[in-house]
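Visitor: Quick one, final.csv (CSV, C-alpha atoms):
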```csv
chain,number,residue,atom,x,y,z
A,60,MET,CA,81.6,-35.5,124.0
A,61,SER,CA,83.5,-38.0,122.0
A,62,SER,CA,81.8,-40.3,119.5
A,63,TYR,CA,82.7,-43.9,118.9
A,64,TYR,CA,82.5,-46.3,116.1
A,65,PHE,CA,82.7,-50.0,117.1
A,66,SER,CA,82.7,-52.9,114.7
A,67,ILE,CA,83.2,-56.6,114.8
A,68,VAL,CA,85.1,-58.0,111.9
A,69,GLY,CA,85.1,-61.7,110.9
A,70,THR,CA,87.8,-63.9,109.6
A,71,ARG,CA,87.2,-63.1,106.0
A,72,ASP,CA,87.5,-59.3,106.8
A,73,ASN,CA,83.7,-59.1,106.6
A,74,PRO,CA,81.8,-56.9,109.1
A,75,LEU,CA,79.7,-58.8,111.5
A,76,TYR,CA,78.4,-55.9,113.5
A,77,GLU,CA,78.7,-52.2,113.6
A,78,VAL,CA,77.5,-49.5,115.9
A,79,GLU,CA,78.0,-45.8,116.3
A,80,PHE,CA,77.4,-44.1,119.6
A,81,SER,CA,78.8,-41.3,121.7
A,82,SER,CA,79.8,-41.3,125.3
A,83,PHE,CA,76.9,-41.4,127.7
A,84,LYS,CA,79.0,-39.9,130.6
A,85,THR,CA,79.6,-36.4,129.5
A,86,ALA,CA,76.2,-36.1,128.1
A,87,THR,CA,74.5,-34.8,131.2
A,88,THR,CA,76.3,-31.5,130.8
A,89,SER,CA,74.7,-29.6,128.0
A,90,SER,CA,77.2,-29.5,125.2
A,91,SER,CA,77.7,-26.8,122.7
A,92,THR,CA,76.6,-29.0,119.8
A,93,GLY,CA,73.0,-28.3,120.8
A,94,SER,CA,72.0,-32.0,121.1
A,95,SER,CA,70.9,-32.9,124.6
A,96,VAL,CA,70.2,-36.6,123.8
A,97,PRO,CA,73.0,-38.8,125.2
A,98,GLY,CA,74.4,-41.6,123.1
A,99,ILE,CA,73.7,-40.2,119.6
A,100,SER,CA,76.9,-40.2,117.7
A,101,GLN,CA,78.2,-36.8,116.8
A,102,PHE,CA,80.5,-37.7,114.0
A,103,PRO,CA,80.4,-35.1,111.2
A,104,THR,CA,79.4,-36.6,107.9
A,105,ASN,CA,82.8,-36.4,106.3
A,106,ILE,CA,84.2,-38.5,109.1
A,107,LYS,CA,81.3,-40.8,109.3
A,108,GLU,CA,81.8,-42.0,105.8
A,109,ILE,CA,85.4,-42.8,106.2
A,110,LEU,CA,85.0,-44.8,109.4
A,111,PRO,CA,84.6,-48.2,107.8
A,112,PHE,CA,87.6,-47.5,105.6
A,113,VAL,CA,89.7,-46.5,108.6
A,114,THR,CA,88.6,-49.7,110.3
A,115,ASN,CA,89.4,-51.8,107.3
A,116,SER,CA,92.8,-50.3,106.7
A,117,SER,CA,93.7,-51.1,110.3
A,118,LEU,CA,93.1,-54.8,109.6
A,119,ASP,CA,96.5,-55.2,107.9
A,120,LEU,CA,98.2,-53.7,111.0
A,121,ILE,CA,96.2,-56.1,113.2
A,122,GLU,CA,97.2,-59.1,111.1
A,123,ASP,CA,100.8,-58.2,111.4
A,124,PHE,CA,100.6,-57.4,115.0
A,125,GLN,CA,98.6,-60.5,116.1
A,126,TRP,CA,101.6,-62.8,115.6
A,127,THR,CA,103.9,-60.7,117.8
A,128,THR,CA,101.8,-60.7,120.9
A,129,SER,CA,99.9,-63.3,122.8
A,130,SER,CA,97.5,-61.0,124.5
A,131,PHE,CA,93.9,-60.6,123.4
A,132,ASN,CA,93.8,-56.8,123.8
A,133,LEU,CA,96.0,-55.2,121.2
A,134,GLY,CA,95.6,-51.7,122.5
A,135,LYS,CA,96.0,-48.7,120.2
A,136,ILE,CA,96.9,-50.0,116.8
A,137,ASP,CA,96.5,-46.9,114.5
A,138,SER,CA,95.7,-43.3,114.4
A,139,PHE,CA,94.4,-41.6,111.3
A,140,TYR,CA,94.3,-37.8,111.5
A,141,GLY,CA,93.2,-37.7,115.1
A,142,LEU,CA,91.0,-40.8,114.8
A,143,LEU,CA,92.3,-43.4,117.3
A,144,VAL,CA,91.9,-47.1,116.5
A,145,TYR,CA,91.9,-49.6,119.3
A,146,GLY,CA,91.8,-53.4,118.6
A,147,PHE,CA,91.1,-56.7,120.3
A,148,ILE,CA,91.3,-60.1,118.8
A,149,THR,CA,89.8,-63.4,119.9
A,150,GLN,CA,91.4,-66.8,119.6
A,151,GLY,CA,89.1,-67.5,116.8
A,152,ASN,CA,90.4,-64.5,114.8
A,153,ILE,CA,87.4,-62.3,115.3
A,154,LYS,CA,88.5,-58.7,115.5
A,155,PHE,CA,86.8,-56.0,117.6
A,156,ILE,CA,87.8,-52.5,116.5
A,157,LEU,CA,86.9,-49.2,118.1
A,158,CYS,CA,87.5,-45.9,116.4
A,159,PHE,CA,87.1,-42.5,118.1
A,160,GLU,CA,88.4,-39.0,118.0
A,161,GLY,CA,91.2,-38.4,120.4
A,162,SER,CA,90.4,-35.6,122.9
A,163,ASN,CA,92.4,-32.5,122.5
A,164,ASN,CA,92.5,-31.3,126.1
A,165,ASN,CA,95.7,-32.4,127.6
A,166,ASN,CA,95.1,-31.4,131.2
A,167,ASN,CA,95.8,-34.4,133.4
A,168,GLY,CA,96.5,-36.2,130.2
A,169,SER,CA,98.3,-39.4,131.0
A,170,SER,CA,96.1,-40.5,133.9
A,171,ALA,CA,92.9,-39.8,131.9
A,172,GLN,CA,94.3,-41.8,129.0
A,173,LYS,CA,95.2,-44.6,131.2
A,174,TYR,CA,91.7,-44.7,132.6
A,175,ASN,CA,90.4,-44.5,129.0
A,176,GLU,CA,92.5,-47.5,127.9
A,177,ASN,CA,91.4,-49.5,130.8
A,178,SER,CA,87.7,-48.9,130.2
A,179,ILE,CA,88.2,-49.7,126.5
A,180,LYS,CA,89.8,-53.0,127.5
A,181,GLN,CA,86.9,-53.8,129.9
A,182,PHE,CA,84.5,-53.0,127.1
A,183,PHE,CA,86.3,-55.4,124.7
A,184,VAL,CA,86.4,-58.1,127.3
A,185,ASP,CA,82.7,-57.9,128.0
A,186,VAL,CA,81.8,-57.7,124.3
A,187,ASN,CA,83.9,-60.9,123.9
A,188,ASP,CA,81.7,-62.5,126.5
A,189,LEU,CA,78.6,-61.5,124.5
A,190,TYR,CA,80.1,-62.7,121.3
A,191,VAL,CA,80.8,-66.1,122.6
A,192,LYS,CA,77.3,-66.4,123.9
A,193,CYS,CA,76.1,-65.5,120.4
A,194,LEU,CA,78.4,-68.1,118.9
A,195,LEU,CA,76.9,-70.8,121.1
A,196,ASN,CA,73.6,-70.4,119.4
A,197,PRO,CA,73.2,-73.3,116.9
A,198,PHE,CA,71.5,-71.0,114.5
A,199,TYR,CA,74.5,-68.8,114.3
A,200,ALA,CA,77.5,-69.8,112.3
A,201,VAL,CA,81.0,-68.2,112.3
A,202,ASN,CA,81.2,-65.1,110.1
A,203,ASP,CA,77.4,-64.5,110.0
A,204,ALA,CA,76.3,-61.0,110.7
A,205,ILE,CA,75.0,-60.6,114.2
A,206,THR,CA,71.5,-59.2,113.8
A,207,SER,CA,70.0,-60.0,117.2
A,208,PRO,CA,68.3,-57.0,118.8
A,209,ASP,CA,69.2,-58.4,122.2
A,210,PHE,CA,72.9,-58.5,121.3
A,211,ASP,CA,72.6,-54.9,120.1
A,212,LEU,CA,70.9,-53.8,123.3
A,213,LYS,CA,73.6,-55.5,125.4
A,214,VAL,CA,76.5,-53.9,123.5
A,215,LYS,CA,74.9,-50.5,123.9
A,216,LEU,CA,74.4,-51.1,127.6
A,217,LEU,CA,78.1,-52.0,127.8
A,218,ALA,CA,79.0,-48.8,125.9
A,219,LYS,CA,77.0,-46.8,128.3
A,220,LYS,CA,78.7,-48.5,131.2
A,221,TYR,CA,82.3,-48.1,130.1
A,222,LEU,CA,82.7,-45.4,127.5
B,139,MET,CA,55.4,-56.5,104.0
B,140,SER,CA,53.2,-56.0,106.9
B,141,ASN,CA,54.5,-55.2,110.3
B,142,GLU,CA,53.4,-58.6,111.6
B,143,ASP,CA,55.7,-60.5,109.2
B,144,ILE,CA,58.8,-59.4,111.1
B,145,ILE,CA,61.8,-61.7,110.7
B,146,LEU,CA,62.9,-63.4,113.8
B,147,PRO,CA,66.5,-62.2,114.1
B,148,SER,CA,67.7,-65.1,116.2
B,149,ALA,CA,67.3,-67.2,113.1
B,150,SER,CA,69.3,-64.9,110.9
B,151,SER,CA,71.2,-67.6,109.1
B,152,LEU,CA,68.0,-69.0,107.7
B,153,SER,CA,67.0,-65.7,106.1
B,154,THR,CA,68.8,-62.6,105.3
B,155,LEU,CA,67.7,-59.1,106.1
B,156,SER,CA,67.2,-56.8,103.2
B,157,ILE,CA,67.5,-53.1,102.9
B,158,SER,CA,63.8,-52.6,103.5
B,159,ASP,CA,63.7,-54.4,106.8
B,160,ILE,CA,63.6,-51.8,109.5
B,161,SER,CA,63.7,-52.7,113.1
B,162,ARG,CA,60.6,-51.5,114.9
B,163,THR,CA,62.3,-51.3,118.3
B,164,GLY,CA,65.4,-49.5,117.1
B,165,PHE,CA,67.6,-52.3,118.1
B,166,GLY,CA,69.3,-54.9,115.9
B,167,TYR,CA,72.0,-54.5,113.3
B,168,ASN,CA,71.0,-54.9,109.7
B,169,PRO,CA,74.1,-55.7,107.5
B,170,SER,CA,72.5,-54.5,104.3
B,171,VAL,CA,71.9,-51.0,105.8
B,172,GLY,CA,75.0,-50.7,108.0
B,173,PRO,CA,75.5,-48.6,111.1
B,174,ALA,CA,72.5,-46.4,110.3
B,175,SER,CA,70.3,-49.4,111.0
B,176,ASN,CA,71.0,-49.4,114.7
B,177,SER,CA,72.1,-45.9,115.4
B,178,ILE,CA,70.9,-44.5,118.7
B,179,THR,CA,67.7,-42.5,118.5
B,180,PRO,CA,66.2,-40.4,121.3
B,181,GLU,CA,63.8,-43.3,122.1
B,182,THR,CA,66.5,-45.9,122.4
B,183,SER,CA,68.8,-43.6,124.3
B,184,ASN,CA,66.0,-43.2,126.8
B,185,ILE,CA,65.6,-46.9,127.1
B,186,LEU,CA,69.4,-47.3,127.6
B,187,LEU,CA,69.6,-44.6,130.2
B,188,ASN,CA,66.7,-45.7,132.3
B,189,ARG,CA,67.4,-49.4,132.0
B,190,LYS,CA,63.8,-50.1,131.0
B,191,THR,CA,63.1,-53.7,130.4
B,192,ILE,CA,61.8,-54.2,126.9
B,193,THR,CA,60.9,-57.3,125.0
B,194,LEU,CA,62.8,-57.3,121.7
B,195,THR,CA,62.4,-61.0,120.8
B,196,PRO,CA,60.2,-63.8,122.2
B,197,THR,CA,63.2,-65.0,124.3
B,198,SER,CA,64.3,-61.5,125.5
B,199,ALA,CA,63.3,-62.1,129.1
B,200,ASN,CA,65.6,-65.1,129.5
B,201,SER,CA,68.0,-65.0,126.6
B,202,ILE,CA,71.5,-66.6,126.4
B,203,TYR,CA,72.9,-63.1,126.8
B,204,ASP,CA,71.6,-62.9,130.4
B,205,LYS,CA,73.1,-66.2,131.3
B,206,ASN,CA,76.5,-66.7,132.8
B,207,ILE,CA,78.6,-69.0,130.7
B,208,ASN,CA,81.8,-68.3,132.5
B,209,SER,CA,81.1,-70.5,135.5
B,210,LYS,CA,84.0,-72.5,137.0
B,211,LYS,CA,81.6,-75.3,137.9
B,212,ILE,CA,81.9,-78.2,135.6
B,213,ASN,CA,78.5,-79.4,134.3
B,214,GLU,CA,78.8,-83.1,133.5
B,215,ILE,CA,76.4,-85.1,131.5
B,216,SER,CA,76.1,-88.8,131.7
B,217,LEU,CA,78.2,-91.0,129.5
B,218,SER,CA,75.2,-93.1,128.4
B,219,SER,CA,73.2,-90.1,127.1
B,220,LEU,CA,76.3,-89.0,125.2
B,221,SER,CA,76.8,-92.5,123.8
B,222,PHE,CA,73.2,-92.8,122.7
B,223,LEU,CA,73.3,-89.4,121.0
B,224,PHE,CA,76.6,-90.2,119.2
B,225,CYS,CA,75.2,-93.6,118.2
B,226,GLU,CA,72.3,-91.8,116.6
B,227,ILE,CA,74.6,-89.3,114.9
B,228,VAL,CA,76.7,-92.1,113.4
B,229,ASN,CA,73.5,-94.0,112.4
B,230,TRP,CA,72.0,-90.9,110.7
B,231,SER,CA,75.3,-90.0,109.0
B,232,HIS,CA,75.7,-93.6,107.8
B,233,LYS,CA,72.2,-93.6,106.3
B,234,ASN,CA,73.0,-90.5,104.3
B,235,SER,CA,76.5,-91.4,103.3
B,236,LYS,CA,77.7,-93.1,100.1
B,237,GLY,CA,80.5,-95.0,101.6
B,238,ILE,CA,83.1,-95.2,104.4
B,239,GLN,CA,85.0,-92.2,103.3
B,240,ASP,CA,81.9,-90.1,103.0
B,241,LEU,CA,80.7,-91.2,106.4
B,242,GLU,CA,84.0,-90.1,107.9
B,243,THR,CA,83.8,-86.7,106.1
B,244,ARG,CA,80.3,-86.2,107.5
B,245,LEU,CA,81.3,-87.0,111.0
B,246,ASN,CA,84.3,-84.7,110.6
B,247,GLY,CA,82.0,-81.9,109.4
B,248,LEU,CA,79.8,-82.2,112.4
B,249,GLY,CA,82.7,-82.0,114.8
B,250,TYR,CA,84.1,-79.0,113.0
B,251,GLN,CA,81.4,-76.6,114.2
B,252,ILE,CA,81.8,-77.8,117.7
B,253,GLY,CA,85.5,-77.1,117.6
B,254,GLN,CA,85.0,-73.6,116.4
B,255,ARG,CA,82.7,-72.8,119.2
B,256,PHE,CA,84.5,-74.7,121.9
B,257,LEU,CA,87.7,-72.9,121.2
B,258,GLU,CA,86.3,-69.5,121.9
B,259,LEU,CA,84.3,-70.8,124.9
B,260,ASN,CA,87.4,-72.4,126.4
B,261,LYS,CA,89.5,-69.3,126.0
B,262,LEU,CA,86.8,-67.3,127.7
B,263,ARG,CA,86.5,-69.7,130.6
B,264,GLU,CA,90.3,-69.6,131.2
B,265,GLY,CA,89.7,-66.0,132.1
B,266,PHE,CA,91.0,-62.9,130.5
B,267,LYS,CA,93.8,-62.3,133.0
B,268,THR,CA,95.3,-65.8,133.0
B,269,SER,CA,94.7,-66.9,129.4
B,270,LYS,CA,96.7,-66.0,126.4
B,271,ARG,CA,96.2,-66.2,122.7
B,272,GLU,CA,98.0,-69.1,121.1
B,273,ILE,CA,100.3,-67.9,118.3
B,274,ARG,CA,102.7,-70.8,118.0
B,275,ILE,CA,102.1,-74.3,116.6
B,276,ILE,CA,103.5,-76.1,119.5
B,277,GLU,CA,101.6,-74.0,122.1
B,278,VAL,CA,98.3,-74.4,120.3
B,279,LEU,CA,98.8,-78.1,120.2
B,280,GLN,CA,99.6,-78.3,123.9
B,281,PHE,CA,96.5,-76.2,124.6
B,282,ILE,CA,94.4,-78.7,122.6
B,283,HIS,CA,96.1,-81.7,124.0
B,284,GLY,CA,95.7,-80.3,127.6
B,285,THR,CA,93.0,-77.8,128.6
B,286,PHE,CA,90.8,-78.2,125.5
B,287,TRP,CA,90.7,-82.0,125.7
B,288,LYS,CA,90.1,-81.9,129.4
B,289,SER,CA,87.1,-79.6,129.1
B,290,ILE,CA,85.5,-81.7,126.4
B,291,PHE,CA,86.4,-85.2,127.3
B,292,GLY,CA,87.2,-84.9,131.0
B,293,LYS,CA,90.8,-86.0,130.7
B,294,VAL,CA,93.9,-84.8,128.8
B,295,ALA,CA,94.9,-86.7,125.7
B,296,ASN,CA,97.5,-89.4,126.3
B,297,GLU,CA,100.3,-88.3,124.0
B,298,LEU,CA,101.4,-85.5,121.8
B,299,GLU,CA,104.0,-86.4,119.2
B,300,LYS,CA,105.8,-84.9,116.3
B,301,SER,CA,106.3,-86.9,113.2
B,302,GLN,CA,109.9,-87.8,112.7
B,303,ASP,CA,109.9,-87.8,108.9
B,304,VAL,CA,107.6,-85.0,108.0
B,305,THR,CA,108.0,-81.5,109.5
B,306,ASN,CA,104.4,-80.4,109.3
B,307,GLU,CA,102.8,-83.5,110.9
B,308,TYR,CA,101.9,-83.9,114.5
B,309,MET,CA,100.0,-86.6,116.4
B,310,ILE,CA,97.6,-86.4,119.3
B,311,ILE,CA,97.0,-89.9,120.7
B,312,ASP,CA,94.1,-91.0,122.9
B,313,ASN,CA,94.2,-94.5,124.3
B,314,VAL,CA,90.4,-94.7,125.0
B,315,PRO,CA,88.5,-92.0,122.9
B,316,LEU,CA,85.4,-91.2,125.0
B,317,ILE,CA,82.9,-91.3,122.2
B,318,SER,CA,84.0,-94.6,120.6
B,319,LYS,CA,84.1,-96.4,123.9
B,320,PHE,CA,81.0,-98.5,123.0
B,321,ILE,CA,81.5,-98.8,119.3
B,322,SER,CA,82.9,-101.8,117.6
B,323,ILE,CA,83.5,-101.6,113.9
B,324,PRO,CA,82.3,-104.5,111.7
B,325,LYS,CA,85.1,-106.2,109.7
B,326,ASP,CA,83.7,-105.2,106.3
B,327,TYR,CA,83.8,-101.5,107.2
B,328,GLY,CA,87.5,-101.5,106.7
B,329,ASN,CA,89.4,-98.9,108.6
B,330,LEU,CA,86.5,-96.7,109.6
B,331,ASN,CA,87.1,-94.8,112.8
B,332,CYS,CA,84.1,-93.0,114.3
B,333,ALA,CA,86.6,-90.8,116.2
B,334,ALA,CA,86.6,-88.8,112.9
B,335,PHE,CA,84.1,-86.7,114.8
B,336,MET,CA,86.8,-85.9,117.3
B,337,ALA,CA,89.2,-85.2,114.5
B,338,GLY,CA,86.7,-82.7,113.2
B,339,ILE,CA,86.6,-81.0,116.6
B,340,ILE,CA,90.4,-80.6,116.5
B,341,GLU,CA,90.3,-79.4,112.9
B,342,GLY,CA,87.6,-76.8,113.6
B,343,ALA,CA,89.5,-75.4,116.6
B,344,LEU,CA,92.8,-75.3,114.7
B,345,ASP,CA,91.3,-73.7,111.6
B,346,SER,CA,89.5,-71.0,113.5
B,347,ALA,CA,92.7,-70.2,115.4
B,348,SER,CA,94.2,-69.8,111.9
B,349,PHE,CA,96.4,-72.9,112.1
B,350,HIS,CA,95.0,-74.5,109.0
B,351,ALA,CA,95.3,-78.2,109.2
B,352,ASP,CA,93.8,-81.5,108.0
B,353,VAL,CA,93.1,-83.8,110.9
B,354,THR,CA,92.3,-87.5,110.4
B,355,ALA,CA,91.7,-90.3,112.9
B,356,HIS,CA,93.4,-93.7,112.6
B,357,SER,CA,93.1,-96.8,114.7
B,358,VAL,CA,96.4,-98.0,116.0
B,359,PRO,CA,95.6,-100.6,118.6
B,360,LEU,CA,98.2,-101.6,121.3
B,361,ASP,CA,98.1,-104.4,123.8
B,362,GLY,CA,95.4,-103.5,126.3
B,363,PHE,CA,94.2,-100.5,124.3
B,364,PRO,CA,92.2,-101.9,121.4
B,365,LEU,CA,90.5,-98.5,120.8
B,366,ARG,CA,93.7,-96.5,120.8
B,367,THR,CA,93.4,-93.7,118.2
B,368,VAL,CA,96.0,-91.5,116.6
B,369,PHE,CA,94.8,-88.1,115.4
B,370,LEU,CA,97.1,-87.1,112.6
B,371,ILE,CA,97.4,-83.4,112.2
B,372,LYS,CA,98.8,-82.2,108.9
B,373,PHE,CA,99.5,-78.5,108.9
B,374,ASP,CA,99.4,-76.3,105.8
B,375,GLU,CA,102.9,-75.6,104.3
B,376,SER,CA,102.3,-71.9,104.5
B,377,LEU,CA,102.0,-72.2,108.3
B,378,MET,CA,105.5,-73.6,108.6
B,379,ILE,CA,106.8,-70.6,106.6
B,380,ARG,CA,104.9,-68.2,108.9
B,381,GLU,CA,106.3,-69.9,111.9
B,382,SER,CA,109.9,-69.8,110.6
B,383,LEU,CA,109.5,-66.1,109.6
B,384,ARG,CA,108.1,-65.0,112.9
B,385,PHE,CA,109.9,-67.1,115.5
B,386,SER,CA,113.3,-67.9,114.3
```
Have the structure of the file written as structure tokens, please.
Guide:
Amino acid sequence: MSSYYFSIVGTRDNPLYEVEFSSFKTATTSSSTGSSVPGISQFPTNIKEILPFVTNSSLDLIEDFQWTTSSFNLGKIDSFYGLLVYGFITQGNIKFILCFEGSNNNNNGSSAQKYNENSIKQFFVDVNDLYVKCLLNPFYAVNDAITSPDFDLKVKLLAKKYL
Amino acid sequence: MSNEDIILPSASSLSTLSISDISRTGFGYNPSVGPASNSITPETSNILLNRKTITLTPTSANSIYDKNINSKKINEISLSSLSFLFCEIVNWSHKNSKGIQDLETRLNGLGYQIGQRFLELNKLREGFKTSKREIRIIEVLQFIHGTFWKSIFGKVANELEKSQDVTNEYMIIDNVPLISKFISIPKDYGNLNCAAFMAGIIEGALDSASFHADVTAHSVPLDGFPLRTVFLIKFDESLMIRESLRFS
């Protein structure tokens, strides 16, 4: 099962929210890693520690790319030794970045990837919805970290739904 | 710290979480700990899979996250309640301010936060399929003059003009600004314009869309429109450079 690292980055390149998880879908089949609990991220330690760096290094690419397209979803923006980086940017310059390891099996490759990109897009769109709801809270200011457990729960539910 | 002293996370901007604050439920991101703070555990995984309803915060059962903010239905509030509220805002700001300039700055600051929020909300309501991100100066101005203005004030602004002498100045003109409809400025208050609040909204929206600008409100009355207000938008020089590099 593939693991994901999702982060929301503010306008001053500061992280607002981070979460690590793995796909809930393939979890029902017992995997060779021995863990039967779905959702727990399976990143090895050496990858886990570079994830924030990979995310941060993709910010330059996003900042260059954001002025060339007027779409919110930026699609795949970077790949780093097999780690794929997908991005989404809101009108208010808040970046949503998703890192995960690209799958190696290439059977029915393109259609599976298409499906994958669509579900990532849907995930981003729904997280955007949650983010705006969070922003409407008068106790929340732009660029504050999002610490609400309710937000966390909702993002994880979306992760379960789409990824 | 006892377990009962748990920090209410919805009020995070009032207090910051430290490295020793551990969420009891397993949900909630702690910025001082990082992704380890909300990593999925067997318990939380179980909750997510079985869609158990749990109470995380006092408002969990009916939080903003459960509400639909994307509705097409326009919720209108009465003009009088808005006017009374704004009257109180001006009054309160005036009491705290040191002068006319300070009062305008305060009103601008209050509007700024509204602009930041409304921009995102507006883009969300346009719908993901139909809306696009504004990346050019003229397009973002048209958006603010049109859609944005309409959703806040119920009508589009009257004019959008470009300054003839200065390249980085634009003007949005409203003949009857909604909030200053019932405000008359005493003579000894000089050129105070309470639409500074609206200027703040524009500035907040432009700034967060990374079109850094200074926005000021000026009264320019015409025959029949004594309240006519010009919002002067002065963009940062660096923006003009960006624009010419990207789109020429």
Visitor: Mind giving me the straight-line distance from CA of Lys180 in chain A to CA of His283 in chain B in Å, one decimal?
Guide: 29.6 Å
Visitor: What are the closest atom pairs, with distances in Å to one decimal, for each residue of chain A lying within 6 Å of chain B, using all atoms listed in the file, rows by chain and rising residue number, as a tab-separated table?
Guide:
```
residue	atom	partner	partner_atom	distance
A:Glu77	CA	B:Pro173	CA	5.4
A:Val78	CA	B:Pro173	CA	5.3
A:Glu79	CA	B:Ser177	CA	6.0
A:Ile99	CA	B:Ile178	CA	5.2
A:Trp126	CA	B:Ile273	CA	5.9
A:Ser129	CA	B:Arg271	CA	4.7
A:Ser130	CA	B:Lys270	CA	5.4
A:Gln150	CA	B:Ala347	CA	5.6
A:Gly151	CA	B:Ala347	CA	4.7
A:Phe198	CA	B:Ala149	CA	5.8
A:Thr206	CA	B:Tyr167	CA	4.8
A:Ser207	CA	B:Pro147	CA	5.2
A:Pro208	CA	B:Gly166	CA	3.7
A:Asp211	CA	B:Gly166	CA	5.3
```
Visitor: For a test of reading the model, state the distance in Å between CA of Ile323 in chain B and CA of Phe291 in chain B, rounded to one decimal.
Guide: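 Between these atoms lies a distance of 21.4 Å.
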Visitor: Skip Leu383 in chain B itself and residues of its chain fewer than 4 positions away, then list as a PyMOL selection string all residues within 12 Å of it, counting all atoms listed in the file.
Guide: (chain A and resi 123+126-127) or (chain B and resi 274+376-379)
Visitor: Restricting the calculation to all atoms listed in the file: of A:Phe124, A:Phe102, A:Phe80, A:Tyr221, which residue gets closest to Val186 in chain A?
Guide: A:Tyr221
Visitor: Could you tell me how far CA of Ile67 in chain A lies from CA of Tyr190 in chain A, in Å and to one decimal?
Guide: 9.4 Å
Visitor: Select all residues near (96.8, -90.1, 114.1) (cut-off 12 Å, inclusive, file coordinates), counting all atoms listed in the file, and output them as a PyMOL selection string.
Guide: chain B and resi 297-301+307-313+331+333-334+336-337+340+352-359+366-372
Visitor: Identify, on the basis of all atoms listed in the file, every residue whose closest approach to Lys319 in chain B does not exceed 10 Å; exclude the query and any residue fewer than 6 positions from it along the same chain; express the result as a list of chain:residue names.
Guide: B:Leu217, B:Ser221, B:Ala333, B:Leu365
Visitor: Considering only C-alpha atoms, state which residue in the set A:Val113, A:Val96, A:Leu118, A:Val214 is at the smallest distance from Ile153 in chain A.
Guide: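 Of A:Val113, A:Val96, A:Leu118, A:Val214, the one nearest Ile153 in chain A, counting only C-alpha atoms, is A:Leu118.
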Visitor: Mind rebuilding range 140-151 of chain A with N, CA and C atoms and writing that out as a compact mmCIF listing (two decimals), in the coordinates of the input?
Guide:
```
# COMPACT_ATOMS: atom_id res chain seq x y z
N TYR A 140 94.69 -39.16 111.31
CA TYR A 140 94.30 -37.80 111.50
C TYR A 140 93.42 -37.51 112.69
N GLY A 141 93.91 -37.92 113.82
CA GLY A 141 93.20 -37.70 115.10
C GLY A 141 92.16 -38.73 115.42
N LEU A 142 91.88 -39.65 114.48
CA LEU A 142 91.00 -40.80 114.80
C LEU A 142 91.87 -41.88 115.42
N LEU A 143 91.55 -42.29 116.64
CA LEU A 143 92.30 -43.40 117.30
C LEU A 143 91.64 -44.69 117.00
N VAL A 144 92.43 -45.73 116.76
CA VAL A 144 91.90 -47.10 116.50
C VAL A 144 92.42 -48.02 117.54
N TYR A 145 91.51 -48.64 118.29
CA TYR A 145 91.90 -49.60 119.30
C TYR A 145 91.38 -51.00 118.83
N GLY A 146 92.14 -52.04 119.12
CA GLY A 146 91.80 -53.40 118.60
C GLY A 146 91.83 -54.44 119.70
N PHE A 147 91.12 -55.50 119.43
CA PHE A 147 91.10 -56.70 120.30
C PHE A 147 90.83 -57.85 119.38
N ILE A 148 91.49 -58.98 119.66
CA ILE A 148 91.30 -60.10 118.80
C ILE A 148 91.05 -61.38 119.61
N THR A 149 90.09 -62.19 119.18
CA THR A 149 89.80 -63.40 119.90
C THR A 149 90.65 -64.54 119.41
N GLN A 150 90.63 -65.66 120.11
CA GLN A 150 91.40 -66.80 119.60
C GLN A 150 90.90 -67.29 118.29
N GLY A 151 89.62 -67.10 118.03
CA GLY A 151 89.10 -67.50 116.80
C GLY A 151 89.19 -66.49 115.66
```
